[in-house]
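Enquirer: The structure file my_file-v8.cif (mmCIF, C-alpha atoms and all ligand atoms) is provided below.
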```cif
data_structure
loop_
_atom_site.label_atom_id
_atom_site.label_comp_id
_atom_site.auth_asym_id
_atom_site.auth_seq_id
_atom_site.Cartn_x
_atom_site.Cartn_y
_atom_site.Cartn_z
CA MET A 8 -18.41 25.00 17.15
CA THR A 9 -15.96 22.14 17.83
CA PRO A 10 -12.78 22.67 15.80
CA ARG A 11 -12.09 20.04 13.17
CA LYS A 12 -9.47 17.44 14.01
CA VAL A 13 -6.44 17.79 11.75
CA ILE A 14 -5.04 14.68 10.07
CA ALA A 15 -1.51 15.18 8.74
CA VAL A 16 -1.20 13.11 5.58
CA VAL A 17 2.20 11.93 4.35
CA GLY A 18 2.22 11.28 0.61
CA ALA A 19 -0.91 13.38 0.05
CA THR A 20 0.08 14.02 -3.58
CA GLY A 21 0.39 10.26 -4.13
CA ALA A 22 -1.81 7.16 -4.15
CA GLN A 23 -2.46 6.18 -0.52
CA GLY A 24 -2.22 9.65 1.01
CA GLY A 25 -4.16 11.17 -1.90
CA GLY A 26 -7.07 8.79 -1.30
CA LEU A 27 -7.12 9.71 2.38
CA PHE A 28 -6.89 13.42 1.60
CA ARG A 29 -9.86 13.19 -0.79
CA ALA A 30 -11.87 11.06 1.65
CA ILE A 31 -11.44 13.64 4.41
CA LEU A 32 -12.28 16.62 2.21
CA SER A 33 -15.32 14.85 0.76
CA ASP A 34 -16.88 14.54 4.20
CA PRO A 35 -17.16 18.01 5.76
CA PRO A 36 -19.62 16.83 8.45
CA GLY A 37 -17.08 14.19 9.55
CA GLY A 38 -15.31 16.60 11.88
CA PHE A 39 -11.85 16.16 10.32
CA THR A 40 -9.67 18.26 8.08
CA ALA A 41 -6.56 17.29 6.14
CA ARG A 42 -3.08 18.75 6.25
CA ALA A 43 -1.17 17.63 3.18
CA LEU A 44 2.57 17.02 3.48
CA THR A 45 4.66 17.52 0.35
CA ARG A 46 8.28 18.17 -0.48
CA ASN A 47 7.25 20.97 -2.82
CA ILE A 48 4.29 23.16 -1.97
CA ASN A 49 4.60 24.85 -5.37
CA SER A 50 4.19 21.73 -7.49
CA ASP A 51 1.06 21.43 -9.62
CA LYS A 52 -0.12 18.48 -7.50
CA ALA A 53 0.38 20.37 -4.24
CA GLN A 54 -1.31 23.45 -5.62
CA ALA A 55 -4.28 21.32 -6.68
CA LEU A 56 -4.65 20.16 -3.07
CA ALA A 57 -4.35 23.73 -1.76
CA SER A 58 -7.04 24.85 -4.20
CA ARG A 59 -9.46 22.57 -2.34
CA GLY A 60 -8.95 24.71 0.73
CA ALA A 61 -6.59 22.35 2.54
CA ASP A 62 -3.50 23.21 4.50
CA VAL A 63 -0.44 22.17 2.46
CA VAL A 64 2.92 22.12 4.23
CA ASP A 65 6.52 21.36 3.38
CA ALA A 66 7.91 18.15 4.85
CA ASP A 67 10.29 15.39 3.88
CA ILE A 68 10.22 12.03 5.63
CA ASP A 69 14.02 12.04 5.52
CA ASN A 70 14.00 15.17 7.71
CA VAL A 71 12.64 14.68 11.22
CA GLU A 72 12.55 18.40 12.03
CA SER A 73 10.32 19.10 9.03
CA LEU A 74 8.00 16.31 10.21
CA LYS A 75 7.85 17.71 13.74
CA SER A 76 6.60 21.04 12.37
CA ALA A 77 4.21 19.34 9.98
CA PHE A 78 2.66 17.15 12.71
CA GLU A 79 2.37 20.00 15.25
CA GLY A 80 -1.19 20.35 16.52
CA ALA A 81 -2.44 17.39 14.48
CA TYR A 82 -4.88 14.88 15.97
CA GLY A 83 -3.88 12.17 13.52
CA ALA A 84 -1.02 11.26 11.20
CA TYR A 85 -1.03 8.91 8.21
CA CYS A 86 2.49 7.54 7.81
CA VAL A 87 3.71 5.83 4.65
CA THR A 88 7.14 5.27 3.09
CA PHE A 89 8.10 5.15 -0.60
CA PHE A 90 10.19 2.03 -1.12
CA TRP A 91 10.22 2.19 -4.90
CA ALA A 92 11.83 5.65 -4.82
CA HIS A 93 15.05 4.20 -3.38
CA PHE A 94 14.73 0.37 -2.95
CA SER A 95 16.24 0.54 0.55
CA PRO A 96 14.54 -1.15 3.53
CA GLU A 97 17.10 0.49 5.83
CA ARG A 98 16.01 3.90 4.56
CA GLU A 99 12.35 2.95 5.09
CA LEU A 100 13.19 2.04 8.66
CA ALA A 101 14.95 5.39 9.18
CA GLU A 102 11.99 7.24 7.62
CA ALA A 103 9.47 5.36 9.76
CA THR A 104 11.60 6.20 12.80
CA ALA A 105 11.58 9.88 11.86
CA MET A 106 7.77 9.86 11.46
CA ALA A 107 7.29 8.00 14.76
CA GLU A 108 9.60 10.40 16.62
CA ALA A 109 7.85 13.42 15.12
CA ALA A 110 4.41 12.03 16.04
CA LYS A 111 5.61 11.45 19.59
CA HIS A 112 7.07 14.96 19.78
CA ALA A 113 3.82 16.50 18.51
CA GLY A 114 1.63 14.40 20.81
CA VAL A 115 -0.41 12.99 17.92
CA LYS A 116 -3.45 11.10 19.22
CA HIS A 117 -3.77 8.50 16.45
CA VAL A 118 -1.12 7.32 14.00
CA ILE A 119 -1.83 4.98 11.12
CA TRP A 120 1.31 3.23 9.87
CA SER A 121 0.96 1.73 6.40
CA THR A 122 2.85 -1.50 6.74
CA PHE A 123 3.27 -5.11 5.66
CA GLU A 124 4.20 -8.43 7.19
CA ASP A 125 7.85 -9.00 8.05
CA THR A 126 7.99 -12.17 5.97
CA ARG A 127 11.08 -13.41 7.83
CA ARG A 128 8.68 -14.51 10.57
CA TRP A 129 7.42 -17.23 8.19
CA VAL A 130 10.48 -17.60 5.96
CA PRO A 131 13.67 -17.34 8.02
CA LEU A 132 16.81 -16.30 6.19
CA ASP A 133 18.15 -19.88 6.10
CA ASP A 134 14.97 -21.09 4.36
CA GLU A 135 16.10 -21.88 0.83
CA ARG A 136 12.64 -21.74 -0.75
CA MET A 137 13.44 -18.19 -1.79
CA PRO A 138 16.75 -16.32 -1.97
CA THR A 139 17.84 -13.88 0.74
CA LEU A 140 18.04 -10.38 -0.75
CA LYS A 141 20.12 -7.33 0.20
CA GLY A 142 21.90 -9.45 2.81
CA LYS A 143 19.13 -9.83 5.39
CA TYR A 144 15.69 -9.77 3.83
CA LYS A 145 13.37 -12.14 2.03
CA VAL A 146 10.91 -9.51 0.73
CA PRO A 147 12.80 -6.23 1.27
CA HIS A 148 9.83 -3.88 0.69
CA PHE A 149 7.73 -5.90 3.15
CA ASP A 150 10.32 -6.79 5.77
CA GLY A 151 11.58 -3.23 6.32
CA LYS A 152 8.04 -1.98 6.93
CA GLY A 153 7.25 -4.88 9.24
CA GLU A 154 10.48 -4.34 11.15
CA ALA A 155 9.55 -0.66 11.56
CA ASN A 156 6.34 -1.62 13.41
CA GLY A 157 8.51 -2.04 16.49
CA VAL A 158 9.60 1.59 16.36
CA PHE A 159 6.02 2.83 16.78
CA THR A 160 5.38 0.33 19.58
CA LYS A 161 8.61 1.15 21.39
CA LEU A 162 7.75 4.84 21.49
CA GLY A 163 4.36 3.98 23.00
CA LEU A 164 2.47 5.67 20.18
CA PRO A 165 -1.30 5.29 19.76
CA VAL A 166 -0.88 3.44 16.46
CA THR A 167 -2.94 1.32 14.10
CA PHE A 168 -0.88 -0.98 11.87
CA LEU A 169 -2.56 -1.02 8.47
CA LEU A 170 -1.77 -4.01 6.23
CA THR A 171 -2.48 -2.90 2.67
CA SER A 172 -2.91 -5.03 -0.46
CA PHE A 173 -1.67 -5.18 -4.05
CA TYR A 174 -2.95 -2.12 -5.94
CA TRP A 175 -4.96 -3.05 -9.03
CA ASP A 176 -3.55 0.27 -10.28
CA ASN A 177 -0.33 -1.71 -10.88
CA PHE A 178 -2.08 -2.95 -14.02
CA ILE A 179 -1.93 0.67 -15.23
CA TYR A 180 1.28 2.12 -13.78
CA PHE A 181 3.58 -0.69 -12.74
CA GLY A 182 3.86 -2.51 -16.07
CA MET A 183 1.76 -5.44 -14.86
CA GLY A 184 -1.16 -5.06 -17.27
CA PRO A 185 -2.12 -7.55 -19.98
CA THR A 186 0.58 -7.94 -22.64
CA LYS A 187 0.54 -9.84 -25.90
CA GLY A 188 2.39 -13.15 -25.73
CA PRO A 189 4.14 -15.05 -28.54
CA ASP A 190 0.81 -16.73 -29.33
CA GLY A 191 -0.74 -13.29 -29.94
CA ARG A 192 -3.03 -13.52 -26.92
CA LEU A 193 -3.18 -10.96 -24.14
CA ALA A 194 -2.01 -12.36 -20.80
CA ILE A 195 -1.42 -11.23 -17.26
CA THR A 196 1.68 -12.81 -15.78
CA LEU A 197 1.86 -13.55 -12.07
CA PRO A 198 3.71 -16.25 -10.11
CA ILE A 199 0.86 -17.16 -7.79
CA GLY A 200 -0.24 -20.54 -9.13
CA ASP A 201 -3.91 -21.11 -8.40
CA LYS A 202 -3.86 -19.06 -5.20
CA LYS A 203 -5.83 -15.92 -4.42
CA LEU A 204 -4.26 -12.48 -4.48
CA PRO A 205 -5.88 -9.85 -2.25
CA GLY A 206 -6.09 -6.64 -4.29
CA ILE A 207 -7.51 -3.17 -3.85
CA ALA A 208 -8.08 0.08 -5.72
CA ALA A 209 -5.29 2.32 -4.39
CA GLU A 210 -7.89 5.04 -3.81
CA ASP A 211 -9.74 2.75 -1.39
CA ILE A 212 -6.74 2.44 0.94
CA GLY A 213 -7.15 6.08 1.93
CA LYS A 214 -10.91 5.67 2.27
CA CYS A 215 -10.42 2.71 4.61
CA ALA A 216 -7.81 4.67 6.58
CA TYR A 217 -10.33 7.46 6.98
CA GLY A 218 -12.82 4.89 8.30
CA ILE A 219 -10.22 3.86 10.87
CA PHE A 220 -9.66 7.45 12.03
CA LYS A 221 -13.44 7.95 12.26
CA ARG A 222 -13.79 4.97 14.61
CA GLY A 223 -11.78 6.87 17.25
CA ARG A 224 -9.84 4.66 19.62
CA GLU A 225 -11.27 1.35 18.42
CA PHE A 226 -8.25 0.25 16.37
CA ILE A 227 -5.47 1.85 18.39
CA GLY A 228 -2.87 -0.78 19.24
CA LYS A 229 -4.34 -3.13 16.63
CA THR A 230 -3.26 -4.54 13.29
CA VAL A 231 -5.92 -4.39 10.60
CA GLY A 232 -5.76 -5.57 6.99
CA ILE A 233 -7.73 -4.42 3.96
CA ALA A 234 -8.57 -5.68 0.47
CA GLY A 235 -11.22 -4.94 -2.15
CA GLU A 236 -11.43 -8.57 -3.33
CA GLN A 237 -9.32 -11.72 -3.25
CA LEU A 238 -9.00 -13.31 -6.68
CA THR A 239 -6.95 -15.97 -8.45
CA GLY A 240 -4.97 -15.10 -11.55
CA ALA A 241 -7.56 -16.92 -13.67
CA GLN A 242 -10.38 -14.93 -12.06
CA MET A 243 -8.56 -11.64 -12.73
CA ALA A 244 -7.95 -12.68 -16.35
CA ALA A 245 -11.68 -13.46 -16.68
CA GLY A 246 -12.44 -10.00 -15.28
CA PHE A 247 -10.15 -8.41 -17.88
CA THR A 248 -11.80 -10.47 -20.63
CA ARG A 249 -15.27 -9.23 -19.63
CA ALA A 250 -14.18 -5.60 -19.18
CA LEU A 251 -12.03 -5.29 -22.31
CA GLY A 252 -14.22 -7.44 -24.54
CA ARG A 253 -11.10 -9.39 -25.64
CA ASP A 254 -9.61 -12.64 -24.47
CA VAL A 255 -7.10 -12.24 -21.63
CA VAL A 256 -5.50 -15.34 -20.17
CA TYR A 257 -3.58 -15.94 -16.98
CA ASN A 258 0.07 -16.83 -17.48
CA ASP A 259 1.27 -18.61 -14.36
CA VAL A 260 5.05 -18.54 -14.10
CA PRO A 261 7.27 -19.97 -11.35
CA PRO A 262 8.61 -17.37 -8.90
CA GLU A 263 12.11 -18.46 -9.96
CA ALA A 264 11.37 -17.21 -13.48
CA TYR A 265 9.66 -14.02 -12.27
CA ARG A 266 12.70 -13.11 -10.14
CA LYS A 267 14.81 -13.19 -13.31
CA PHE A 268 12.56 -10.89 -15.38
CA GLY A 269 15.28 -8.26 -15.13
CA PHE A 270 13.34 -5.11 -14.20
CA PRO A 271 14.46 -3.31 -11.03
CA GLY A 272 12.94 -5.06 -8.03
CA ALA A 273 11.94 -8.23 -9.94
CA ASP A 274 13.65 -10.40 -7.31
CA ASP A 275 11.84 -8.59 -4.47
CA LEU A 276 8.46 -8.95 -6.24
CA GLY A 277 9.16 -12.58 -7.15
CA ASN A 278 9.74 -13.34 -3.48
CA MET A 279 6.69 -11.28 -2.50
CA PHE A 280 4.38 -13.21 -4.81
CA GLN A 281 5.90 -16.49 -3.65
CA PHE A 282 5.21 -15.49 -0.04
CA LYS A 283 1.59 -14.67 -0.94
CA ARG A 284 1.27 -17.99 -2.79
CA ASP A 285 2.95 -20.22 -0.23
CA PHE A 286 1.37 -18.54 2.82
CA GLN A 287 -2.01 -17.79 1.25
CA GLU A 288 -3.96 -18.67 4.39
CA VAL A 289 -1.90 -16.32 6.58
CA TYR A 290 -1.84 -13.53 4.01
CA CYS A 291 -5.49 -13.65 2.90
CA SER A 292 -6.98 -14.11 6.35
CA ALA A 293 -5.22 -10.93 7.51
CA ARG A 294 -7.17 -8.91 4.91
CA SER A 295 -10.92 -9.16 5.26
CA VAL A 296 -13.02 -7.69 2.45
CA ASP A 297 -16.09 -7.46 4.70
CA PHE A 298 -14.13 -5.52 7.29
CA SER A 299 -12.76 -3.20 4.57
CA ARG A 300 -16.31 -2.56 3.33
CA ALA A 301 -17.45 -1.78 6.87
CA LEU A 302 -14.73 0.89 7.05
CA ASN A 303 -15.44 2.13 3.55
CA PRO A 304 -18.93 1.37 2.18
CA ALA A 305 -17.86 2.57 -1.29
CA LEU A 306 -15.15 -0.15 -1.50
CA GLN A 307 -14.68 -1.26 -5.11
CA ASP A 308 -14.42 -4.88 -6.16
CA PHE A 309 -12.26 -5.80 -9.16
CA ASN A 310 -15.09 -5.53 -11.70
CA ALA A 311 -16.03 -2.07 -10.42
CA TRP A 312 -12.39 -0.99 -10.56
CA LEU A 313 -12.06 -2.35 -14.11
CA ALA A 314 -15.24 -0.62 -15.26
CA ALA A 315 -13.89 2.70 -14.02
CA ASN A 316 -10.29 2.23 -15.20
CA LYS A 317 -10.22 -0.06 -18.24
CA SER A 318 -9.53 2.77 -20.68
CA ARG A 319 -6.39 3.67 -18.73
CA ILE A 320 -4.81 0.21 -18.95
CA PRO A 321 -2.06 0.24 -21.58
CA LEU A 322 -2.29 -2.70 -24.00
CA ASN A 323 0.66 -3.45 -26.28
CA SER A 324 -1.42 -4.29 -29.29
N1 LIG B 1 2.10 -0.80 -5.60
C1 LIG B 1 1.43 -1.56 -4.75
O1 LIG B 1 0.73 -2.52 -5.13
C2 LIG B 1 1.49 -1.27 -3.29
C3 LIG B 1 0.53 -1.87 -2.47
C4 LIG B 1 0.55 -1.59 -1.11
C5 LIG B 1 1.56 -0.78 -0.59
N2 LIG B 1 2.49 -0.24 -1.43
C6 LIG B 1 3.52 0.61 -0.83
O2 LIG B 1 3.09 1.94 -1.00
C7 LIG B 1 4.20 2.78 -0.76
C8 LIG B 1 4.10 4.02 -1.62
O3 LIG B 1 2.90 4.68 -1.37
P1 LIG B 1 2.10 5.38 -2.57
O4 LIG B 1 1.83 4.34 -3.63
O5 LIG B 1 0.97 6.11 -1.97
O6 LIG B 1 3.21 6.35 -3.12
P2 LIG B 1 3.12 7.31 -4.40
O7 LIG B 1 1.80 7.30 -5.06
O8 LIG B 1 4.33 6.99 -5.22
O9 LIG B 1 3.25 8.74 -3.72
C9 LIG B 1 4.41 9.28 -3.51
C10 LIG B 1 4.12 10.68 -2.98
O10 LIG B 1 4.82 10.78 -1.76
C11 LIG B 1 5.60 11.90 -1.72
N3 LIG B 1 6.99 11.61 -1.30
C12 LIG B 1 7.91 10.86 -1.93
N4 LIG B 1 9.06 10.86 -1.24
C13 LIG B 1 8.85 11.64 -0.15
C14 LIG B 1 9.65 12.05 0.94
N5 LIG B 1 10.94 11.68 1.06
N6 LIG B 1 9.10 12.84 1.89
C15 LIG B 1 7.82 13.24 1.80
N7 LIG B 1 7.01 12.90 0.78
C16 LIG B 1 7.53 12.11 -0.18
C17 LIG B 1 5.59 12.52 -3.10
O11 LIG B 1 5.00 13.76 -2.97
P3 LIG B 1 5.76 15.15 -3.22
O12 LIG B 1 6.53 14.98 -4.50
O13 LIG B 1 4.61 16.09 -3.31
O14 LIG B 1 6.63 15.37 -2.03
C18 LIG B 1 4.66 11.64 -3.94
O15 LIG B 1 3.58 12.33 -4.53
C19 LIG B 1 5.45 1.95 -1.05
O16 LIG B 1 6.28 1.87 0.06
C20 LIG B 1 4.89 0.57 -1.45
O17 LIG B 1 5.66 -0.49 -0.94
C21 LIG B 1 2.44 -0.43 -2.76
#
```
Could you render the structure from this file as structure tokens?
Expert:
Amino acid sequence: MTPRKVIAVVGATGAQGGGLFRAILSDPPGGFTARALTRNINSDKAQALASRGADVVDADIDNVESLKSAFEGAYGAYCVTFFWAHFSPERELAEATAMAEAAKHAGVKHVIWSTFEDTRRWVPLDDERMPTLKGKYKVPHFDGKGEANGVFTKLGLPVTFLLTSFYWDNFIYFGMGPTKGPDGRLAITLPIGDKKLPGIAAEDIGKCAYGIFKRGREFIGKTVGIAGEQLTGAQMAAGFTRALGRDVVYNDVPPEAYRKFGFPGADDLGNMFQFKRDFQEVYCSARSVDFSRALNPALQDFNAWLAANKSRIPLNS
């Protein structure tokens, strides 16, 4: 019997890595098995993964030696950083470097790096359409990841650069769901004008990543982008209205206003949405829904995601 190929999954107790972990374990004939990386093998989440028969190992992406052990003997590695845990693009770059060095050391055959565009390619720092943040970024949580692409390339790793999309799960967990405005109506607030926002069920990112690993060498050295559907704010509001059975409207605000909303990272997200709005063609064309469905035939569109998740969306009314 051919031994199963091990895929070491960073963030396996979280959204992206969790989806990949579940995709691998749900497909025993696929020839792969998952090794979950966690900072605490005794946590309830880690124990839940272990109870499914998977290998669960200690590793921290801030500790290259722990990553070297965790990647040892693995065929593949799914690499992701956690910007919102520390808000530092420099730390993301250091963490990506640690993962790349560990993958090189372990001789991993296929790395997927979960990344984004370095928006400074389209919006140089002296472009005054949006403010420069943290001294040298336009969209810090994008630019640091994009800058880190070069680390994987420089080390000559067999890497696929995976451009992900806005999680619809943000409507549940990130405080972006419909809220009641002064007029008493529920509204989703996004600074994207009438432009389309590529979105995806977070769970589908891992399923698409699994599709990439299953295709063998096909996407090594390539950049691929994924989305479940590309919708305008008005279309998403209409989806909410149908799913919730209550009127939800789209509240279009200028990015300048969004940046001042005051929550941590509002300036970063304001710039991010402005980038997606002002460079819609570039951003949307990099994320094909048809391609994502070819990787993952179970890909959800927004209505399917809403049908499965509407009861989990907090409504302040
Ligand atoms: N929100 C969006 O719309 C969106 C869309 C696309 C991409 N992203 C990007 O997605 C990234 C986050 O991925 P995610 O949503 O999958 O994260 P997540 O759900 O927050 O998962 C975090 C998991 O990663 C593990 N982790 C955290 N810090 C770690 C460390 N230092 N070393 C090892 N493991 C660590 C934790 O597991 P343990 O506690 O078990 O160690 C945790 O369960 C961010 O960088 C963000 O920019 C977000």
Enquirer: As lines of an AutoDock Vina configuration file, please: the centre and edge lengths in Å, to one decimal, of an axis-aligned box enclosing every listed atom of ligand LIG 1 (chain B) with 6 Å added on each side.
Expert:
```
center_x = 5.7
center_y = 6.8
center_z = -1.9
size_x = 22.4
size_y = 30.6
size_z = 19.5
```
Enquirer: Can you tell me which residues come within 6 Å of ligand LIG 1 (chain B) when counting only C-alpha atoms and all ligand atoms, ideally as a PyMOL selection string?
Expert: chain A and resi 18+20-24+45-47+66-69+88-90+148+171-174+177
Enquirer: List the neighbours of Val87 of chain A out to 10 Å using all atoms listed in the file; skip same-chain residues closer than 3 positions along the sequence, and give me the result as number ranges by chain.
Expert: A: 16-19, 23-24, 68, 84, 90, 99, 102-103, 106, 119-122, 152
Enquirer: Excluding Leu74 of chain A and residues on its chain fewer than 3 positions from it, collect all residues at most 10 Å away from it, counting only C-alpha atoms, and give them as a VMD selection string.
Expert: chain A and resid 15 17 44 64 to 71 77 to 79 105 to 110 112 to 113
Enquirer: Hey, what's within 6 Å of segment 281-297 of chain A if we count all atoms listed in the file and toss same-chain stuff fewer than 5 positions away? As a compact mmCIF listing (two decimals) with C-alpha atoms, in the frame of the given file, please?
Expert:
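Output file selection-v4.txt follows:
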```
# COMPACT_ATOMS: atom_id res chain seq x y z
CA ILE A 199 0.86 -17.16 -7.79
CA LYS A 202 -3.86 -19.06 -5.20
CA GLY A 232 -5.76 -5.57 6.99
CA ILE A 233 -7.73 -4.42 3.96
CA ALA A 234 -8.57 -5.68 0.47
CA GLY A 235 -11.22 -4.94 -2.15
CA PRO A 262 8.61 -17.37 -8.90
```
Enquirer: Under the rule that all atoms listed in the file are counted, which of A:Gly240, A:Gly218, A:Gly277, A:Gly223 is the nearest residue to Tyr82 of chain A?
Expert: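 Of the candidates, the smallest distance to Tyr82 of chain A is held by A:Gly223.
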Enquirer: Would you compute the distance between atom CA of Pro189 of chain A and atom CA of Asn258 of chain A? Give it in Å to one decimal.
Expert: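 For atom CA of Pro189 of chain A relative to atom CA of Asn258 of chain A, the distance reads 11.9 Å.
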Enquirer: Would you fill out segment 88-104 of chain A with N, CA, C and O atoms and return it as an mmCIF file, in the frame of the given file?
Expert:
```
data_model
loop_
_atom_site.group_PDB
_atom_site.id
_atom_site.type_symbol
_atom_site.label_atom_id
_atom_site.label_comp_id
_atom_site.auth_asym_id
_atom_site.auth_seq_id
_atom_site.Cartn_x
_atom_site.Cartn_y
_atom_site.Cartn_z
ATOM 1 N N THR A 88 5.806 5.091 3.670
ATOM 2 C CA THR A 88 7.140 5.270 3.090
ATOM 3 C C THR A 88 7.070 4.941 1.596
ATOM 4 O O THR A 88 6.088 4.378 1.117
ATOM 5 N N PHE A 89 8.142 5.238 0.875
ATOM 6 C CA PHE A 89 8.100 5.150 -0.600
ATOM 7 C C PHE A 89 9.243 4.271 -1.086
ATOM 8 O O PHE A 89 10.216 4.751 -1.654
ATOM 9 N N PHE A 90 9.107 2.979 -0.838
ATOM 10 C CA PHE A 90 10.190 2.030 -1.120
ATOM 11 C C PHE A 90 10.723 2.156 -2.543
ATOM 12 O O PHE A 90 11.919 2.134 -2.783
ATOM 13 N N TRP A 91 9.795 2.268 -3.499
ATOM 14 C CA TRP A 91 10.220 2.190 -4.900
ATOM 15 C C TRP A 91 10.959 3.444 -5.366
ATOM 16 O O TRP A 91 11.479 3.484 -6.481
ATOM 17 N N ALA A 92 11.040 4.461 -4.484
ATOM 18 C CA ALA A 92 11.830 5.650 -4.820
ATOM 19 C C ALA A 92 13.316 5.414 -4.560
ATOM 20 O O ALA A 92 14.162 6.147 -5.068
ATOM 21 N N HIS A 93 13.631 4.394 -3.725
ATOM 22 C CA HIS A 93 15.050 4.200 -3.380
ATOM 23 C C HIS A 93 15.439 2.726 -3.185
ATOM 24 O O HIS A 93 16.617 2.414 -3.091
ATOM 25 N N PHE A 94 14.480 1.815 -3.082
ATOM 26 C CA PHE A 94 14.730 0.370 -2.950
ATOM 27 C C PHE A 94 15.513 0.002 -1.686
ATOM 28 O O PHE A 94 16.178 -1.036 -1.649
ATOM 29 N N SER A 95 15.440 0.814 -0.652
ATOM 30 C CA SER A 95 16.240 0.540 0.550
ATOM 31 C C SER A 95 15.357 0.326 1.781
ATOM 32 O O SER A 95 14.760 1.275 2.295
ATOM 33 N N PRO A 96 15.304 -0.924 2.299
ATOM 34 C CA PRO A 96 14.540 -1.150 3.530
ATOM 35 C C PRO A 96 15.133 -0.415 4.727
ATOM 36 O O PRO A 96 14.408 0.008 5.631
ATOM 37 N N GLU A 97 16.478 -0.241 4.714
ATOM 38 C CA GLU A 97 17.100 0.490 5.830
ATOM 39 C C GLU A 97 16.613 1.949 5.822
ATOM 40 O O GLU A 97 16.349 2.531 6.872
ATOM 41 N N ARG A 98 16.496 2.500 4.633
ATOM 42 C CA ARG A 98 16.010 3.900 4.560
ATOM 43 C C ARG A 98 14.549 3.977 4.984
ATOM 44 O O ARG A 98 14.140 4.916 5.647
ATOM 45 N N GLU A 99 13.749 2.957 4.615
ATOM 46 C CA GLU A 99 12.350 2.950 5.090
ATOM 47 C C GLU A 99 12.290 2.918 6.610
ATOM 48 O O GLU A 99 11.467 3.600 7.214
ATOM 49 N N LEU A 100 13.175 2.127 7.201
ATOM 50 C CA LEU A 100 13.190 2.040 8.660
ATOM 51 C C LEU A 100 13.552 3.395 9.272
ATOM 52 O O LEU A 100 12.920 3.847 10.240
ATOM 53 N N ALA A 101 14.546 4.057 8.677
ATOM 54 C CA ALA A 101 14.950 5.390 9.180
ATOM 55 C C ALA A 101 13.796 6.389 9.002
ATOM 56 O O ALA A 101 13.540 7.225 9.881
ATOM 57 N N GLU A 102 13.097 6.301 7.881
ATOM 58 C CA GLU A 102 11.990 7.240 7.620
ATOM 59 C C GLU A 102 10.822 6.984 8.567
ATOM 60 O O GLU A 102 10.195 7.919 9.078
ATOM 61 N N ALA A 103 10.540 5.704 8.805
ATOM 62 C CA ALA A 103 9.470 5.360 9.760
ATOM 63 C C ALA A 103 9.844 5.864 11.148
ATOM 64 O O ALA A 103 8.998 6.383 11.892
ATOM 65 N N THR A 104 11.129 5.725 11.487
ATOM 66 C CA THR A 104 11.600 6.200 12.800
ATOM 67 C C THR A 104 11.413 7.716 12.903
ATOM 68 O O THR A 104 10.951 8.223 13.934
#
```
